[in-house]
There are 2 protein chains.
Amino acid sequence: MSQLFFTPKIENGFAIFEEEEGRHLSTVLRKNTGDRLRLTDGKGYFYEAELADAGKRQVLARIISRQESPKSKHGRLHIAIAPTKNIDRLEWFLEKATEIGVDEITPILCQRSERDTIRLDRLEKILVAAMKQSLRAWLPQLHPLTKFTDFVKKTGETQKRLAWCGDEPMPHLKNTLLPEQDTLIAIGPEGDFSPEEVKLALSSGFQAISLGEARLRTETAGLYAVTVFGLLDVGLLDDGQ
Amino acid sequence: MSQLFFTPKIENGFAIFEEEEGRHLSTVLRKNTGDRLRLTDGKGYFYEAELADAGKRQVLARIISRQESPKSKHGRLHIAIAPTKNIDRLEWFLEKATEIGVDEITPILCQRSERDTIRLDRLEKILVAAMKQSLRAWLPQLHPLTKFTDFVKKTGETQKRLAWCGDEPMPHLKNTLLPEQDTLIAIGPEGDFSPEEVKLALSSGFQAISLGEARLRTETAGLYAVTVFGLLDVGLLDDGQ
């Protein structure tokens, strides 16, 4: 399977493609009635479908079969990350994190943030493109930009970790995570979290962790954390051995 | 320590900065005689130095002390990777791999490569910038573009892995690596390695491995492999616990 299409709209046995994806199918790829295609709803399912009607505005495909994508064995991963001054770096993180596997992303506004605006619609497109490209059936949930001090108070994950470049020695993320737990990992801005933010997070149940001895850029730290979390499974299942 | 400078030229107790790094120190930062600075030779050492002479062409700093950077506990990591059609993606990989930690990088020319030229001088600059930014004392060694079929025959690492998107089930990279071994991981182009290349690699001592169930872009696969290798240590040392 080399190409995967996406629509969240699956109704009465039909997949409904609108806007860009619809135009892409009809105008760019010139798909015709009867053509087979594979798609996902971004909610964990793949579908085999047959194109039933290709209009300019909307494309309809009749669902032939549905296949559940292998459930992730571990808990959900939620990454809270401060948007980078150079937005390309955040967009890069979103693409790569989607490829490697993340469930929720919350852009956070911190005291030392160098960017306080993001365009959710643009970022959403990057997530969709990365999901399709990596042939995944899960579209990460992207939340609006949230003030970190508000965010920490209303998080419900069982494992909450704070990637903080403090001076005292901290355990490596890898050694603080238990598998099959919903996990939240917070990554600060270029200038790191402020002492007040760290204090608040620690008092809100976050554990300060290290991502290794090197100083990682915000987006690198974010992807590093996503990769470490994903590897919990591999260790557990010892797959392929 | 927030800023790190770089020069490979350490002679008779002096660090000699030339070209860009020299101009940066003298013209941009306007450093003066007597100013303290921290630098690395890219070969595993940090130095404290005092600026002795800041000329337009060359800047001299008297070495005050030398400090060896913590040796990596595991073996050397060598990544062979096919340059991406969009060079930004390769450059991104070089920056991130340097941050996370890699010893050698060889751009490889494969049968299905979509790019057969790279500018080593430009790529070298990215490695230096990333080393300084991440406050590391090791500059990864960047080799010239090499034909993969020639490359596989002359590699001496004890662990050789091939990231190949074949159909049969393969062990996950993480479960095939032993710590403290010199390791080579080869990442193919967008169109993957050709059957001939896979056959040749396997007969040359490479083991085919998986990087997980998702389809990763070339540069994502490369960074994923670098991260997995680096985590071997963390597991071993169980640091911070």
# chains A, B, ... in the order shown; residues from 1 in each chain; ligands from 1
call {"tool": "residues_around", "arguments": {"residues": "Val226 in chain B", "least_positions_apart": "4", "cutoff": "10 Å", "atoms": "only C-alpha atoms", "output": "VMD selection string"}}
result
chain B and resid 77 to 79 96 to 98 100 to 102 185 220 to 222 230 to 231
call {"tool": "select_by_dssp", "arguments": {"residues": "range 53-195 of chain B", "states": "strand (DSSP E)", "output": "VMD selection string"}}
result
chain B and resid 53 to 54 58 to 68 77 to 81 104 to 109 141 to 142 146 to 147 159 to 163 183 to 187
call {"tool": "write_last_selection", "arguments": {"atoms": "N, CA and C atoms", "output": "short mmCIF file (atom, residue, chain, number, x, y, z; two decimals), in the first residue's frame"}}
result
data_model
loop_
_atom_site.label_atom_id
_atom_site.label_comp_id
_atom_site.auth_asym_id
_atom_site.auth_seq_id
_atom_site.Cartn_x
_atom_site.Cartn_y
_atom_site.Cartn_z
N ASP B 53 44.82 37.91 21.18
CA ASP B 53 44.97 38.83 20.05
C ASP B 53 43.79 38.67 19.10
N ALA B 54 43.06 39.74 18.86
CA ALA B 54 41.90 39.67 17.99
C ALA B 54 42.14 40.47 16.72
N GLN B 58 42.54 36.63 12.01
CA GLN B 58 42.81 35.52 12.92
C GLN B 58 42.67 35.99 14.36
N VAL B 59 42.12 35.12 15.20
CA VAL B 59 41.97 35.43 16.61
C VAL B 59 42.73 34.39 17.42
N LEU B 60 43.56 34.86 18.35
CA LEU B 60 44.34 33.96 19.18
C LEU B 60 43.80 33.98 20.61
N ALA B 61 43.67 32.80 21.21
CA ALA B 61 43.25 32.73 22.61
C ALA B 61 44.21 31.83 23.37
N ARG B 62 44.70 32.31 24.52
CA ARG B 62 45.64 31.53 25.33
C ARG B 62 44.86 30.51 26.14
N ILE B 63 45.22 29.23 26.01
CA ILE B 63 44.54 28.16 26.75
C ILE B 63 44.86 28.28 28.24
N ILE B 64 43.83 28.29 29.05
CA ILE B 64 44.02 28.34 30.51
C ILE B 64 43.86 26.94 31.10
N SER B 65 42.85 26.22 30.64
CA SER B 65 42.66 24.85 31.15
C SER B 65 41.97 24.00 30.11
N ARG B 66 42.17 22.69 30.23
CA ARG B 66 41.58 21.75 29.30
C ARG B 66 40.77 20.72 30.08
N GLN B 67 39.63 20.37 29.55
CA GLN B 67 38.77 19.41 30.26
C GLN B 67 38.27 18.38 29.26
N GLU B 68 38.45 17.11 29.58
CA GLU B 68 38.02 16.05 28.66
C GLU B 68 36.52 15.87 28.82
N LEU B 77 29.16 5.19 16.76
CA LEU B 77 28.00 5.03 15.88
C LEU B 77 28.28 5.68 14.53
N HIS B 78 28.13 4.90 13.49
CA HIS B 78 28.34 5.36 12.11
C HIS B 78 27.00 5.21 11.38
N ILE B 79 26.48 6.32 10.85
CA ILE B 79 25.23 6.27 10.10
C ILE B 79 25.55 6.48 8.61
N ALA B 80 25.10 5.54 7.79
CA ALA B 80 25.19 5.71 6.33
C ALA B 80 23.78 6.03 5.86
N ILE B 81 23.62 7.15 5.18
CA ILE B 81 22.28 7.59 4.82
C ILE B 81 22.24 8.18 3.42
N GLU B 104 30.15 9.16 13.13
CA GLU B 104 30.50 9.23 11.71
C GLU B 104 29.24 9.20 10.87
N ILE B 105 29.27 9.95 9.76
CA ILE B 105 28.15 9.95 8.82
C ILE B 105 28.70 9.80 7.41
N THR B 106 28.17 8.84 6.69
CA THR B 106 28.54 8.67 5.28
C THR B 106 27.30 8.79 4.40
N PRO B 107 27.22 9.85 3.60
CA PRO B 107 26.13 9.94 2.62
C PRO B 107 26.36 8.86 1.56
N ILE B 108 25.32 8.09 1.29
CA ILE B 108 25.48 6.98 0.34
C ILE B 108 24.64 7.20 -0.93
N LEU B 109 25.23 6.77 -2.04
CA LEU B 109 24.56 6.87 -3.33
C LEU B 109 23.98 5.49 -3.64
N GLN B 141 32.26 13.00 12.16
CA GLN B 141 33.11 12.93 10.97
C GLN B 141 32.20 12.71 9.76
N LEU B 142 32.26 13.64 8.80
CA LEU B 142 31.41 13.54 7.61
C LEU B 142 32.24 13.08 6.42
N THR B 146 29.38 8.32 -1.13
CA THR B 146 30.00 7.06 -1.54
C THR B 146 28.95 6.12 -2.10
N LYS B 147 29.30 5.43 -3.18
CA LYS B 147 28.38 4.47 -3.78
C LYS B 147 28.14 3.35 -2.77
N GLN B 159 28.86 -4.37 14.50
CA GLN B 159 27.40 -4.50 14.35
C GLN B 159 26.98 -3.69 13.12
N LYS B 160 26.51 -4.37 12.09
CA LYS B 160 26.07 -3.68 10.88
C LYS B 160 24.59 -3.97 10.65
N ARG B 161 23.80 -2.91 10.58
CA ARG B 161 22.35 -3.06 10.45
C ARG B 161 21.85 -2.34 9.20
N LEU B 162 20.85 -2.92 8.56
CA LEU B 162 20.27 -2.35 7.36
C LEU B 162 18.80 -2.04 7.62
N ALA B 163 18.45 -0.76 7.62
CA ALA B 163 17.04 -0.37 7.80
C ALA B 163 16.35 -0.55 6.45
N THR B 183 29.16 0.40 15.76
CA THR B 183 27.93 0.07 15.06
C THR B 183 27.73 0.91 13.81
N LEU B 184 27.26 0.27 12.76
CA LEU B 184 26.94 0.96 11.52
C LEU B 184 25.49 0.68 11.17
N ILE B 185 24.73 1.74 10.93
CA ILE B 185 23.34 1.57 10.54
C ILE B 185 23.13 2.28 9.21
N ALA B 186 22.62 1.55 8.22
CA ALA B 186 22.43 2.11 6.88
C ALA B 186 20.96 2.41 6.62
N ILE B 187 20.70 3.63 6.16
CA ILE B 187 19.34 4.11 5.89
C ILE B 187 19.24 4.43 4.40
#
call {"tool": "interface_residues", "arguments": {"of": "chain A", "to": "chain B", "cutoff": "8 Å", "atoms": "only C-alpha atoms", "output": "PyMOL selection string"}}
result
chain A and resi 96+99-100+133-136+169-172+174-175+214-217+220+224+227+234-235+238-241
call {"tool": "write_last_selection", "arguments": {"atoms": "N, CA and C atoms", "output": "compact mmCIF listing (two decimals), in the first residue's frame"}}
result
# COMPACT_ATOMS: atom_id res chain seq x y z
N LYS A 96 7.44 15.00 12.44
CA LYS A 96 8.22 13.85 12.91
C LYS A 96 7.53 13.12 14.05
N GLU A 99 4.94 10.89 12.64
CA GLU A 99 5.54 9.70 12.03
C GLU A 99 5.89 8.66 13.10
N ILE A 100 6.52 9.11 14.18
CA ILE A 100 7.01 8.17 15.21
C ILE A 100 5.86 7.74 16.11
N GLN A 133 1.43 10.11 5.05
CA GLN A 133 2.74 9.73 4.52
C GLN A 133 3.30 8.52 5.27
N SER A 134 3.07 8.48 6.58
CA SER A 134 3.62 7.37 7.37
C SER A 134 2.65 6.18 7.45
N LEU A 135 1.54 6.29 6.70
CA LEU A 135 0.55 5.21 6.63
C LEU A 135 -0.01 4.85 8.00
N ARG A 136 -0.25 5.85 8.82
CA ARG A 136 -0.83 5.62 10.14
C ARG A 136 -2.32 5.89 10.10
N PRO A 169 21.34 16.99 39.33
CA PRO A 169 21.18 15.78 38.53
C PRO A 169 19.73 15.27 38.58
N MET A 170 19.22 14.87 37.41
CA MET A 170 17.85 14.36 37.33
C MET A 170 17.87 13.00 36.64
N PRO A 171 16.90 12.14 36.94
CA PRO A 171 16.86 10.85 36.27
C PRO A 171 16.55 11.02 34.78
N HIS A 172 17.07 10.12 33.97
CA HIS A 172 16.77 10.16 32.54
C HIS A 172 15.31 9.74 32.33
N LYS A 174 13.86 7.93 30.32
CA LYS A 174 13.68 6.49 30.07
C LYS A 174 13.54 5.70 31.36
N ASN A 175 14.22 6.15 32.41
CA ASN A 175 14.21 5.40 33.67
C ASN A 175 13.09 5.81 34.62
N ALA A 214 23.50 16.31 26.59
CA ALA A 214 23.63 17.40 25.62
C ALA A 214 22.49 18.40 25.76
N ARG A 215 22.72 19.63 25.32
CA ARG A 215 21.65 20.63 25.31
C ARG A 215 20.88 20.48 23.99
N LEU A 216 19.65 20.01 24.09
CA LEU A 216 18.85 19.78 22.88
C LEU A 216 17.97 20.99 22.59
N ARG A 217 17.77 21.27 21.31
CA ARG A 217 16.81 22.30 20.93
C ARG A 217 15.42 21.82 21.34
N THR A 220 13.98 19.21 19.11
CA THR A 220 14.74 17.95 19.21
C THR A 220 14.37 17.22 20.50
N TYR A 224 12.77 13.54 20.78
CA TYR A 224 13.52 12.57 21.59
C TYR A 224 12.57 11.92 22.60
N THR A 227 10.22 9.47 20.95
CA THR A 227 10.91 8.23 20.58
C THR A 227 11.13 7.34 21.80
N VAL A 234 8.59 -1.65 22.54
CA VAL A 234 9.55 -2.56 21.91
C VAL A 234 10.26 -3.37 22.99
N GLY A 235 10.65 -2.69 24.05
CA GLY A 235 11.32 -3.39 25.13
C GLY A 235 10.42 -4.45 25.73
N ASP A 238 9.56 -7.15 23.03
CA ASP A 238 10.73 -7.81 22.49
C ASP A 238 10.41 -8.34 21.10
N ASP A 239 9.75 -7.50 20.32
CA ASP A 239 9.20 -7.98 19.04
C ASP A 239 10.30 -8.41 18.09
N GLY A 240 9.93 -9.38 17.30
CA GLY A 240 10.82 -9.83 16.24
C GLY A 240 11.91 -10.78 16.71
N GLN A 241 12.02 -10.97 18.00
CA GLN A 241 13.10 -11.86 18.48
C GLN A 241 12.65 -13.32 18.48
call {"tool": "atom_distance", "arguments": {"atom1": "CA of Ser69 in chain B", "atom2": "CA of Tyr45 in chain B"}}
result
5.6 Å
call {"tool": "select_by_dssp", "arguments": {"residues": "range 2-241 of chain B", "states": "helix (DSSP H, G or I)", "output": "PyMOL selection string"}}
result
chain B and resi 19-28+87-100+120-133+148-154+173-175+195-203+218-237
call {"tool": "residues_around", "arguments": {"residues": "Leu51 in chain B", "least_positions_apart": "3", "cutoff": "6 Å", "atoms": "only C-alpha atoms", "output": "JSON list (two decimals) with N, CA, C and O atoms, in the first residue's frame"}}
result
[["chain", "number", "residue", "atom", "x", "y", "z"],
["B", 33, "THR", "N", 41.02, 41.61, 23.94],
["B", 33, "THR", "CA", 42.10, 40.94, 24.66],
["B", 33, "THR", "C", 41.74, 40.83, 26.14],
["B", 33, "THR", "O", 41.25, 41.78, 26.73],
["B", 34, "GLY", "N", 41.93, 39.63, 26.68],
["B", 34, "GLY", "CA", 41.62, 39.43, 28.10],
["B", 34, "GLY", "C", 40.27, 38.78, 28.33],
["B", 34, "GLY", "O", 40.02, 38.21, 29.38],
["B", 35, "ASP", "N", 39.37, 38.87, 27.32],
["B", 35, "ASP", "CA", 38.05, 38.25, 27.47],
["B", 35, "ASP", "C", 38.19, 36.74, 27.59],
["B", 35, "ASP", "O", 38.99, 36.13, 26.90],
["B", 61, "ALA", "N", 43.67, 32.80, 21.21],
["B", 61, "ALA", "CA", 43.25, 32.73, 22.61],
["B", 61, "ALA", "C", 44.21, 31.83, 23.37],
["B", 61, "ALA", "O", 44.53, 30.72, 22.90]]
call {"tool": "closest_residue", "arguments": {"among": "A:Gly55, A:Pro8, A:Gly44, A:Gly166", "to": "Gly22 in chain A", "atoms": "only C-alpha atoms"}}
result
A:Gly55
call {"tool": "atom_distance", "arguments": {"atom1": "CA of Glu20 in chain B", "atom2": "CA of Glu190 in chain A"}}
result
24.6 Å
call {"tool": "residues_around", "arguments": {"residues": "Leu200 in chain A", "least_positions_apart": "3", "cutoff": "8 Å", "atoms": "only C-alpha atoms", "output": "JSON, numbers by chain"}}
result
{"A": [149, 152, 196, 197, 203, 204]}
call {"tool": "write_last_selection", "arguments": {"atoms": "N, CA and C atoms", "output": "short mmCIF file (atom, residue, chain, number, x, y, z; two decimals), in the first residue's frame"}}
result
data_model
loop_
_atom_site.label_atom_id
_atom_site.label_comp_id
_atom_site.auth_asym_id
_atom_site.auth_seq_id
_atom_site.Cartn_x
_atom_site.Cartn_y
_atom_site.Cartn_z
N THR A 149 0.90 27.76 32.85
CA THR A 149 0.49 27.80 34.27
C THR A 149 -0.98 27.37 34.42
N VAL A 152 -0.95 23.16 33.49
CA VAL A 152 -0.47 22.17 34.46
C VAL A 152 -1.53 21.81 35.49
N GLU A 196 9.39 29.79 38.46
CA GLU A 196 8.00 29.75 38.93
C GLU A 196 7.25 28.60 38.24
N GLU A 197 7.47 28.49 36.93
CA GLU A 197 6.78 27.43 36.18
C GLU A 197 7.22 26.05 36.68
N SER A 203 4.80 20.97 41.92
CA SER A 203 3.75 20.89 42.95
C SER A 203 2.44 20.37 42.35
N SER A 204 2.39 20.28 41.01
CA SER A 204 1.19 19.75 40.36
C SER A 204 1.38 18.30 39.93
#
call {"tool": "residues_around", "arguments": {"residues": "Glu91 in chain B", "least_positions_apart": "3", "cutoff": "8 Å", "atoms": "only C-alpha atoms", "output": "PyMOL selection string"}}
result
chain B and resi 87-88+94-95+123+126
